[in-house]
Amino acid sequence: LITDDEPHIRRFLSYNVNQLGYQTTLASDGMECLEKLRTDSFSALLLDIRMPKADGLEVLTKVQQECPQMPVIMITTPW
């Protein structure tokens, strides 16, 4: 599950992860990410830190509570 509020970053990450042979699902903000995590099963989460609605740190806290075994990779842009 790739979660980032920037469409071009989501597409870039999705393309590269797909090239490695993995399927991807995309979420555009923290709330959408949490909804998808509650309804589907994922192997890992790539999660932007700065997003609207629920930022990455809020989502990370919930993921650690609800899916403690879920690997999470936090990402952000320098600007």
# chains A, B, ... in the order shown; residues from 1 in each chain; ligands from 1

$ residues_around --residues "Ala54 in chain A" --least-positions-apart "3" --cutoff "8 Å" --atoms "only C-alpha atoms" --output "number ranges by chain"
A: 29-31, 51, 58-59

$ write_last_selection --atoms "N, CA and C atoms" --output "PDB file, in the first residue's frame"
ATOM      1  N   ASP A  29      -4.265   9.922   0.944  1.00  0.00           N
ATOM      2  CA  ASP A  29      -4.109  10.598   2.235  1.00  0.00           C
ATOM      3  C   ASP A  29      -4.207   9.567   3.359  1.00  0.00           C
ATOM      4  N   GLY A  30      -3.958  10.032   4.562  1.00  0.00           N
ATOM      5  CA  GLY A  30      -3.926   9.129   5.707  1.00  0.00           C
ATOM      6  C   GLY A  30      -5.246   8.446   5.996  1.00  0.00           C
ATOM      7  N   MET A  31      -6.343   9.159   5.839  1.00  0.00           N
ATOM      8  CA  MET A  31      -7.653   8.561   6.106  1.00  0.00           C
ATOM      9  C   MET A  31      -7.959   7.445   5.108  1.00  0.00           C
ATOM     10  N   MET A  51       0.966  14.792   5.098  1.00  0.00           N
ATOM     11  CA  MET A  51      -0.242  14.628   4.276  1.00  0.00           C
ATOM     12  C   MET A  51      -1.414  15.314   4.964  1.00  0.00           C
ATOM     13  N   GLU A  58       0.465  10.073  12.497  1.00  0.00           N
ATOM     14  CA  GLU A  58      -0.823   9.630  13.048  1.00  0.00           C
ATOM     15  C   GLU A  58      -1.180   8.245  12.513  1.00  0.00           C
ATOM     16  N   VAL A  59      -0.997   8.067  11.213  1.00  0.00           N
ATOM     17  CA  VAL A  59      -1.305   6.774  10.591  1.00  0.00           C
ATOM     18  C   VAL A  59      -0.392   5.699  11.166  1.00  0.00           C
TER      19      VAL A  59
END

$ residues_around --residues "range 71-76 of chain A" --least-positions-apart "2" --cutoff "8 Å" --atoms "only C-alpha atoms" --output "list in words"
Ser43, Ala44, Leu45, Leu46, Leu47, Asp48, Ile49, Arg50, Gly56, Leu60, Gln69 and Pro78 of chain A

$ select_by_dssp --residues "range 45-78 of chain A" --states "strand (DSSP E or B)" --output "list in words"
Leu45, Leu46, Leu47, Asp48, Val72, Ile73, Met74 and Ile75 of chain A

$ write_last_selection --atoms "N, CA, C and O atoms" --output "JSON list (two decimals), in the first residue's frame"
[["chain", "number", "residue", "atom", "x", "y", "z"],
["A", 45, "LEU", "N", 3.66, -1.19, 3.90],
["A", 45, "LEU", "CA", 3.10, 0.15, 3.73],
["A", 45, "LEU", "C", 4.22, 1.14, 3.50],
["A", 45, "LEU", "O", 5.15, 1.22, 4.30],
["A", 46, "LEU", "N", 4.16, 1.87, 2.38],
["A", 46, "LEU", "CA", 5.03, 3.01, 2.14],
["A", 46, "LEU", "C", 4.19, 4.23, 2.47],
["A", 46, "LEU", "O", 3.11, 4.43, 1.88],
["A", 47, "LEU", "N", 4.65, 5.05, 3.40],
["A", 47, "LEU", "CA", 3.81, 6.07, 4.01],
["A", 47, "LEU", "C", 4.52, 7.42, 4.06],
["A", 47, "LEU", "O", 5.58, 7.56, 4.68],
["A", 48, "ASP", "N", 3.93, 8.41, 3.41],
["A", 48, "ASP", "CA", 4.44, 9.78, 3.45],
["A", 48, "ASP", "C", 4.22, 10.36, 4.84],
["A", 48, "ASP", "O", 3.22, 10.06, 5.49],
["A", 72, "VAL", "N", 6.45, -0.93, 7.84],
["A", 72, "VAL", "CA", 6.13, 0.43, 7.38],
["A", 72, "VAL", "C", 7.42, 1.13, 7.02],
["A", 72, "VAL", "O", 8.37, 1.15, 7.80],
["A", 73, "ILE", "N", 7.43, 1.72, 5.82],
["A", 73, "ILE", "CA", 8.56, 2.53, 5.37],
["A", 73, "ILE", "C", 8.04, 3.96, 5.28],
["A", 73, "ILE", "O", 7.13, 4.25, 4.50],
["A", 74, "MET", "N", 8.62, 4.84, 6.10],
["A", 74, "MET", "CA", 8.23, 6.25, 6.10],
["A", 74, "MET", "C", 9.03, 6.98, 5.03],
["A", 74, "MET", "O", 10.25, 6.77, 4.91],
["A", 75, "ILE", "N", 8.35, 7.82, 4.26],
["A", 75, "ILE", "CA", 9.00, 8.59, 3.20],
["A", 75, "ILE", "C", 8.57, 10.05, 3.31],
["A", 75, "ILE", "O", 7.52, 10.36, 3.87]]

$ residues_around --residues "Cys67 in chain A" --least-positions-apart "5" --cutoff "10 Å" --atoms "only C-alpha atoms" --output "PyMOL selection string"
chain A and resi 37-38+60-62

$ atom_distance --atom1 "CA of Leu13 in chain A" --atom2 "CA of Gln65 in chain A"
25.7 Å

$ atom_distance --atom1 "CA of Asn18 in chain A" --atom2 "CA of Asp40 in chain A"
18.4 Å

$ closest_residue --among "A:Gln64, A:Glu35, A:Met70, A:Leu1" --to "Tyr22 in chain A" --atoms "only C-alpha atoms"
A:Leu1

$ atom_distance --atom1 "CA of Thr3 in chain A" --atom2 "CA of Phe42 in chain A"
12.4 Å

$ select_by_dssp --residues "chain A" --states "alpha helix (DSSP H)" --output "CSV table (one decimal) with all heavy atoms, in the first residue's frame"
chain,number,residue,atom,x,y,z
A,7,PRO,N,0.2,13.0,-6.4
A,7,PRO,CA,0.0,12.0,-7.4
A,7,PRO,C,1.2,11.5,-8.1
A,7,PRO,O,1.3,10.3,-8.4
A,7,PRO,CB,-1.0,12.7,-8.3
A,7,PRO,CG,-1.6,13.8,-7.6
A,7,PRO,CD,-0.5,14.3,-6.6
A,8,HIS,N,2.1,12.4,-8.5
A,8,HIS,CA,3.3,12.0,-9.2
A,8,HIS,C,4.2,11.1,-8.4
A,8,HIS,O,4.8,10.2,-8.9
A,8,HIS,CB,4.0,13.2,-9.8
A,8,HIS,CG,4.6,14.2,-8.8
A,8,HIS,ND1,3.8,15.0,-8.1
A,8,HIS,CD2,5.8,14.3,-8.3
A,8,HIS,CE1,4.6,15.7,-7.2
A,8,HIS,NE2,5.8,15.3,-7.4
A,9,ILE,N,4.3,11.4,-7.1
A,9,ILE,CA,5.1,10.5,-6.2
A,9,ILE,C,4.4,9.1,-6.1
A,9,ILE,O,5.1,8.1,-6.2
A,9,ILE,CB,5.2,11.1,-4.8
A,9,ILE,CG1,5.9,12.5,-4.9
A,9,ILE,CG2,5.9,10.2,-3.8
A,9,ILE,CD1,7.4,12.4,-5.3
A,10,ARG,N,3.1,9.1,-6.0
A,10,ARG,CA,2.4,7.8,-5.9
A,10,ARG,C,2.7,7.0,-7.2
A,10,ARG,O,3.0,5.8,-7.1
A,10,ARG,CB,0.9,8.0,-5.7
A,10,ARG,CG,0.4,8.3,-4.4
A,10,ARG,CD,-1.1,8.2,-4.2
A,10,ARG,NE,-1.9,8.8,-5.2
A,10,ARG,CZ,-2.3,10.1,-5.2
A,10,ARG,NH1,-2.0,10.9,-4.2
A,10,ARG,NH2,-3.1,10.5,-6.1
A,11,ARG,N,2.5,7.6,-8.3
A,11,ARG,CA,2.8,6.9,-9.6
A,11,ARG,C,4.2,6.4,-9.7
A,11,ARG,O,4.5,5.3,-10.2
A,11,ARG,CB,2.4,7.8,-10.8
A,11,ARG,CG,0.9,8.0,-11.0
A,11,ARG,CD,0.6,8.7,-12.3
A,11,ARG,NE,1.2,10.0,-12.4
A,11,ARG,CZ,0.7,11.1,-12.1
A,11,ARG,NH1,-0.5,11.2,-11.5
A,11,ARG,NH2,1.3,12.3,-12.2
A,12,PHE,N,5.2,7.3,-9.3
A,12,PHE,CA,6.6,6.9,-9.4
A,12,PHE,C,6.9,5.7,-8.5
A,12,PHE,O,7.5,4.8,-9.0
A,12,PHE,CB,7.4,8.1,-9.0
A,12,PHE,CG,8.9,7.8,-8.8
A,12,PHE,CD1,9.7,7.8,-9.9
A,12,PHE,CD2,9.4,7.6,-7.6
A,12,PHE,CE1,11.1,7.5,-9.8
A,12,PHE,CE2,10.8,7.3,-7.4
A,12,PHE,CZ,11.6,7.2,-8.6
A,13,LEU,N,6.4,5.8,-7.3
A,13,LEU,CA,6.6,4.6,-6.4
A,13,LEU,C,5.9,3.4,-6.9
A,13,LEU,O,6.5,2.3,-6.8
A,13,LEU,CB,6.2,5.0,-5.0
A,13,LEU,CG,7.0,6.1,-4.2
A,13,LEU,CD1,6.3,6.5,-3.0
A,13,LEU,CD2,8.4,5.6,-4.0
A,14,SER,N,4.7,3.5,-7.3
A,14,SER,CA,4.0,2.4,-7.8
A,14,SER,C,4.7,1.7,-9.0
A,14,SER,O,4.8,0.5,-9.0
A,14,SER,CB,2.6,2.8,-8.2
A,14,SER,OG,1.8,1.7,-8.7
A,15,TYR,N,5.1,2.5,-9.9
A,15,TYR,CA,5.8,2.0,-11.1
A,15,TYR,C,7.0,1.2,-10.7
A,15,TYR,O,7.3,0.1,-11.1
A,15,TYR,CB,6.2,3.1,-12.0
A,15,TYR,CG,7.1,2.7,-13.2
A,15,TYR,CD1,6.5,2.1,-14.3
A,15,TYR,CD2,8.5,2.8,-13.1
A,15,TYR,CE1,7.3,1.6,-15.4
A,15,TYR,CE2,9.3,2.3,-14.2
A,15,TYR,CZ,8.7,1.8,-15.3
A,15,TYR,OH,9.5,1.3,-16.3
A,16,ASN,N,7.8,1.8,-9.8
A,16,ASN,CA,9.1,1.1,-9.4
A,16,ASN,C,8.8,-0.1,-8.5
A,16,ASN,O,9.5,-1.2,-8.7
A,16,ASN,CB,10.0,2.1,-8.6
A,16,ASN,CG,10.6,3.1,-9.6
A,16,ASN,OD1,11.5,2.7,-10.3
A,16,ASN,ND2,10.1,4.3,-9.6
A,17,VAL,N,7.8,-0.1,-7.7
A,17,VAL,CA,7.5,-1.3,-6.9
A,17,VAL,C,6.9,-2.4,-7.8
A,17,VAL,O,7.3,-3.6,-7.7
A,17,VAL,CB,6.5,-1.0,-5.7
A,17,VAL,CG1,6.0,-2.2,-5.1
A,17,VAL,CG2,7.2,-0.1,-4.7
A,18,ASN,N,6.1,-2.0,-8.8
A,18,ASN,CA,5.6,-3.0,-9.8
A,18,ASN,C,6.7,-3.6,-10.6
A,18,ASN,O,6.7,-4.8,-10.9
A,18,ASN,CB,4.6,-2.3,-10.7
A,18,ASN,CG,3.3,-2.0,-10.0
A,18,ASN,OD1,2.9,-2.6,-9.0
A,18,ASN,ND2,2.6,-1.0,-10.6
A,19,GLN,N,7.8,-2.8,-10.9
A,19,GLN,CA,8.9,-3.4,-11.7
A,19,GLN,C,9.6,-4.4,-10.9
A,19,GLN,O,10.3,-5.3,-11.4
A,19,GLN,CB,9.9,-2.2,-12.0
A,19,GLN,CG,9.3,-1.3,-13.1
A,19,GLN,CD,9.1,-2.0,-14.4
A,19,GLN,OE1,9.8,-2.9,-14.8
A,19,GLN,NE2,8.1,-1.4,-15.2
A,30,GLY,N,-4.0,10.0,4.6
A,30,GLY,CA,-3.9,9.1,5.7
A,30,GLY,C,-5.2,8.4,6.0
A,30,GLY,O,-5.3,7.3,6.4
A,31,MET,N,-6.3,9.2,5.8
A,31,MET,CA,-7.7,8.6,6.1
A,31,MET,C,-8.0,7.4,5.1
A,31,MET,O,-8.5,6.4,5.5
A,31,MET,CB,-8.7,9.6,6.1
A,31,MET,CG,-8.6,10.7,7.2
A,31,MET,SD,-8.5,9.9,8.8
A,31,MET,CE,-10.2,9.3,9.0
A,32,GLU,N,-7.7,7.7,3.8
A,32,GLU,CA,-7.9,6.6,2.8
A,32,GLU,C,-7.0,5.4,3.1
A,32,GLU,O,-7.4,4.3,2.9
A,32,GLU,CB,-7.6,7.2,1.4
A,32,GLU,CG,-7.9,6.2,0.3
A,32,GLU,CD,-7.6,6.8,-1.1
A,32,GLU,OE1,-7.2,7.9,-1.2
A,32,GLU,OE2,-7.9,6.0,-2.0
A,33,CYS,N,-5.8,5.7,3.5
A,33,CYS,CA,-4.9,4.6,3.9
A,33,CYS,C,-5.5,3.7,5.0
A,33,CYS,O,-5.5,2.5,4.9
A,33,CYS,CB,-3.5,5.2,4.3
A,33,CYS,SG,-2.4,4.0,5.0
A,34,LEU,N,-5.9,4.4,6.0
A,34,LEU,CA,-6.5,3.6,7.2
A,34,LEU,C,-7.7,2.8,6.7
A,34,LEU,O,-7.9,1.7,7.2
A,34,LEU,CB,-6.8,4.5,8.3
A,34,LEU,CG,-5.6,5.2,9.0
A,34,LEU,CD1,-6.1,6.2,10.0
A,34,LEU,CD2,-4.8,4.1,9.7
A,35,GLU,N,-8.6,3.4,5.9
A,35,GLU,CA,-9.7,2.7,5.4
A,35,GLU,C,-9.3,1.4,4.6
A,35,GLU,O,-9.9,0.3,4.8
A,35,GLU,CB,-10.6,3.6,4.5
A,35,GLU,CG,-11.3,4.7,5.2
A,35,GLU,CD,-12.0,5.7,4.3
A,35,GLU,OE1,-12.1,5.4,3.1
A,35,GLU,OE2,-12.3,6.8,4.8
A,36,LYS,N,-8.3,1.6,3.7
A,36,LYS,CA,-7.9,0.4,2.9
A,36,LYS,C,-7.2,-0.6,3.8
A,36,LYS,O,-7.4,-1.8,3.6
A,36,LYS,CB,-6.9,0.9,1.9
A,36,LYS,CG,-7.6,1.7,0.7
A,36,LYS,CD,-6.6,2.1,-0.3
A,36,LYS,CE,-7.2,3.0,-1.3
A,36,LYS,NZ,-7.9,2.3,-2.4
A,37,LEU,N,-6.5,-0.2,4.8
A,37,LEU,CA,-5.9,-1.2,5.8
A,37,LEU,C,-6.9,-2.0,6.5
A,37,LEU,O,-6.7,-3.1,6.9
A,37,LEU,CB,-5.0,-0.5,6.7
A,37,LEU,CG,-3.6,0.0,6.2
A,37,LEU,CD1,-2.9,0.9,7.2
A,37,LEU,CD2,-2.7,-1.2,5.8
A,38,ARG,N,-8.1,-1.4,6.8
A,38,ARG,CA,-9.1,-2.1,7.5
A,38,ARG,C,-9.9,-3.0,6.6
A,38,ARG,O,-10.6,-3.9,7.1
A,38,ARG,CB,-10.1,-1.0,8.2
A,38,ARG,CG,-9.4,-0.3,9.3
A,38,ARG,CD,-10.3,0.7,10.0
A,38,ARG,NE,-9.6,1.4,11.0
A,38,ARG,CZ,-9.4,2.7,11.1
A,38,ARG,NH1,-9.9,3.5,10.1
A,38,ARG,NH2,-8.8,3.2,12.1
A,39,THR,N,-9.9,-2.8,5.3
A,39,THR,CA,-10.7,-3.7,4.4
A,39,THR,C,-9.9,-4.7,3.6
A,39,THR,O,-10.5,-5.6,3.1
A,39,THR,CB,-11.6,-2.8,3.5
A,39,THR,OG1,-10.7,-2.0,2.7
A,39,THR,CG2,-12.5,-1.9,4.3
A,56,GLY,N,1.4,11.1,8.3
A,56,GLY,CA,2.0,9.8,8.4
A,56,GLY,C,2.3,9.3,9.8
A,56,GLY,O,2.2,8.2,10.1
A,57,LEU,N,2.6,10.3,10.7
A,57,LEU,CA,2.9,9.9,12.1
A,57,LEU,C,1.6,9.4,12.8
A,57,LEU,O,1.6,8.4,13.6
A,57,LEU,CB,3.5,11.0,12.8
A,57,LEU,CG,4.9,11.3,12.3
A,57,LEU,CD1,5.5,12.5,13.1
A,57,LEU,CD2,5.9,10.2,12.3
A,58,GLU,N,0.5,10.1,12.5
A,58,GLU,CA,-0.8,9.6,13.0
A,58,GLU,C,-1.2,8.2,12.5
A,58,GLU,O,-1.6,7.4,13.3
A,58,GLU,CB,-1.9,10.6,12.7
A,58,GLU,CG,-1.8,12.0,13.3
A,58,GLU,CD,-2.9,12.9,12.8
A,58,GLU,OE1,-4.1,12.7,13.1
A,58,GLU,OE2,-2.5,13.8,12.0
A,59,VAL,N,-1.0,8.1,11.2
A,59,VAL,CA,-1.3,6.8,10.6
A,59,VAL,C,-0.4,5.7,11.2
A,59,VAL,O,-0.8,4.6,11.5
A,59,VAL,CB,-1.2,6.9,9.1
A,59,VAL,CG1,-1.3,5.5,8.4
A,59,VAL,CG2,-2.2,7.8,8.5
A,60,LEU,N,0.9,6.0,11.3
A,60,LEU,CA,1.8,5.0,11.9
A,60,LEU,C,1.4,4.6,13.3
A,60,LEU,O,1.4,3.4,13.6
A,60,LEU,CB,3.2,5.6,11.9
A,60,LEU,CG,4.3,4.7,12.5
A,60,LEU,CD1,4.5,3.5,11.7
A,60,LEU,CD2,5.6,5.5,12.7
A,61,THR,N,1.0,5.5,14.1
A,61,THR,CA,0.5,5.1,15.4
A,61,THR,C,-0.6,4.2,15.4
A,61,THR,O,-0.7,3.2,16.1
A,61,THR,CB,0.1,6.4,16.2
A,61,THR,OG1,1.3,7.3,16.3
A,61,THR,CG2,-0.4,6.1,17.6
A,62,LYS,N,-1.6,4.4,14.5
A,62,LYS,CA,-2.8,3.5,14.4
A,62,LYS,C,-2.4,2.2,13.8
A,62,LYS,O,-2.9,1.1,14.2
A,62,LYS,CB,-3.8,4.2,13.5
A,62,LYS,CG,-4.5,5.4,14.2
A,62,LYS,CD,-5.9,5.6,13.7
A,62,LYS,CE,-6.5,6.8,14.3
A,62,LYS,NZ,-6.9,6.6,15.6
A,63,VAL,N,-1.5,2.2,12.8
A,63,VAL,CA,-1.0,0.9,12.2
A,63,VAL,C,-0.3,0.1,13.3
A,63,VAL,O,-0.5,-1.1,13.3
A,63,VAL,CB,-0.1,1.2,11.0
A,63,VAL,CG1,0.6,-0.1,10.5
A,63,VAL,CG2,-0.9,1.8,9.8
A,64,GLN,N,0.5,0.7,14.1
A,64,GLN,CA,1.2,0.0,15.1
A,64,GLN,C,0.3,-0.6,16.1
A,64,GLN,O,0.5,-1.7,16.7
A,64,GLN,CB,2.2,0.9,15.8
A,64,GLN,CG,3.4,1.2,15.0
A,64,GLN,CD,4.3,2.2,15.6
A,64,GLN,OE1,3.9,3.1,16.4
A,64,GLN,NE2,5.6,2.1,15.3
A,65,GLN,N,-0.9,0.0,16.4
A,65,GLN,CA,-1.9,-0.5,17.3
A,65,GLN,C,-2.7,-1.6,16.6
A,65,GLN,O,-3.0,-2.7,17.2
A,65,GLN,CB,-2.8,0.6,17.7
A,65,GLN,CG,-2.2,1.6,18.6
A,65,GLN,CD,-3.1,2.9,18.8
A,65,GLN,OE1,-4.1,3.0,18.2
A,65,GLN,NE2,-2.6,3.8,19.6
A,66,GLU,N,-3.1,-1.4,15.4
A,66,GLU,CA,-4.1,-2.3,14.7
A,66,GLU,C,-3.4,-3.4,13.9
A,66,GLU,O,-4.0,-4.5,13.7
A,66,GLU,CB,-5.0,-1.5,13.8
A,66,GLU,CG,-5.9,-0.5,14.6
A,66,GLU,CD,-6.7,0.3,13.7
A,66,GLU,OE1,-7.0,0.0,12.5
A,66,GLU,OE2,-7.2,1.4,14.1

$ decode --residues "range 30-63 of chain A" --atoms "C-alpha atoms" --output "PDB file, in the first residue's frame"
ATOM      1  CA  GLY A  30      -3.926   9.129   5.707  1.00  0.00           C
ATOM      2  CA  MET A  31      -7.653   8.561   6.106  1.00  0.00           C
ATOM      3  CA  GLU A  32      -7.893   6.649   2.818  1.00  0.00           C
ATOM      4  CA  CYS A  33      -4.869   4.594   3.874  1.00  0.00           C
ATOM      5  CA  LEU A  34      -6.497   3.603   7.163  1.00  0.00           C
ATOM      6  CA  GLU A  35      -9.742   2.671   5.368  1.00  0.00           C
ATOM      7  CA  LYS A  36      -7.861   0.432   2.941  1.00  0.00           C
ATOM      8  CA  LEU A  37      -5.888  -1.191   5.764  1.00  0.00           C
ATOM      9  CA  ARG A  38      -9.150  -2.063   7.517  1.00  0.00           C
ATOM     10  CA  THR A  39     -10.722  -3.654   4.431  1.00  0.00           C
ATOM     11  CA  ASP A  40      -7.791  -5.317   2.639  1.00  0.00           C
ATOM     12  CA  SER A  41      -4.598  -7.183   3.436  1.00  0.00           C
ATOM     13  CA  PHE A  42      -1.184  -5.755   2.513  1.00  0.00           C
ATOM     14  CA  SER A  43       2.392  -6.986   2.833  1.00  0.00           C
ATOM     15  CA  ALA A  44       3.887  -3.565   3.554  1.00  0.00           C
ATOM     16  CA  LEU A  45       3.101   0.146   3.731  1.00  0.00           C
ATOM     17  CA  LEU A  46       5.027   3.012   2.137  1.00  0.00           C
ATOM     18  CA  LEU A  47       3.815   6.075   4.006  1.00  0.00           C
ATOM     19  CA  ASP A  48       4.443   9.777   3.446  1.00  0.00           C
ATOM     20  CA  ILE A  49       4.981  11.798   6.615  1.00  0.00           C
ATOM     21  CA  ARG A  50       3.331  15.064   5.536  1.00  0.00           C
ATOM     22  CA  MET A  51      -0.242  14.628   4.276  1.00  0.00           C
ATOM     23  CA  PRO A  52      -3.652  16.213   4.789  1.00  0.00           C
ATOM     24  CA  LYS A  53      -6.466  14.698   6.875  1.00  0.00           C
ATOM     25  CA  ALA A  54      -4.152  12.382   8.856  1.00  0.00           C
ATOM     26  CA  ASP A  55      -0.390  12.760   8.611  1.00  0.00           C
ATOM     27  CA  GLY A  56       1.984   9.831   8.388  1.00  0.00           C
ATOM     28  CA  LEU A  57       2.858   9.853  12.079  1.00  0.00           C
ATOM     29  CA  GLU A  58      -0.823   9.630  13.048  1.00  0.00           C
ATOM     30  CA  VAL A  59      -1.305   6.774  10.591  1.00  0.00           C
ATOM     31  CA  LEU A  60       1.837   5.033  11.859  1.00  0.00           C
ATOM     32  CA  THR A  61       0.516   5.143  15.430  1.00  0.00           C
ATOM     33  CA  LYS A  62      -2.778   3.543  14.352  1.00  0.00           C
ATOM     34  CA  VAL A  63      -1.014   0.932  12.211  1.00  0.00           C
TER      35      VAL A  63
END
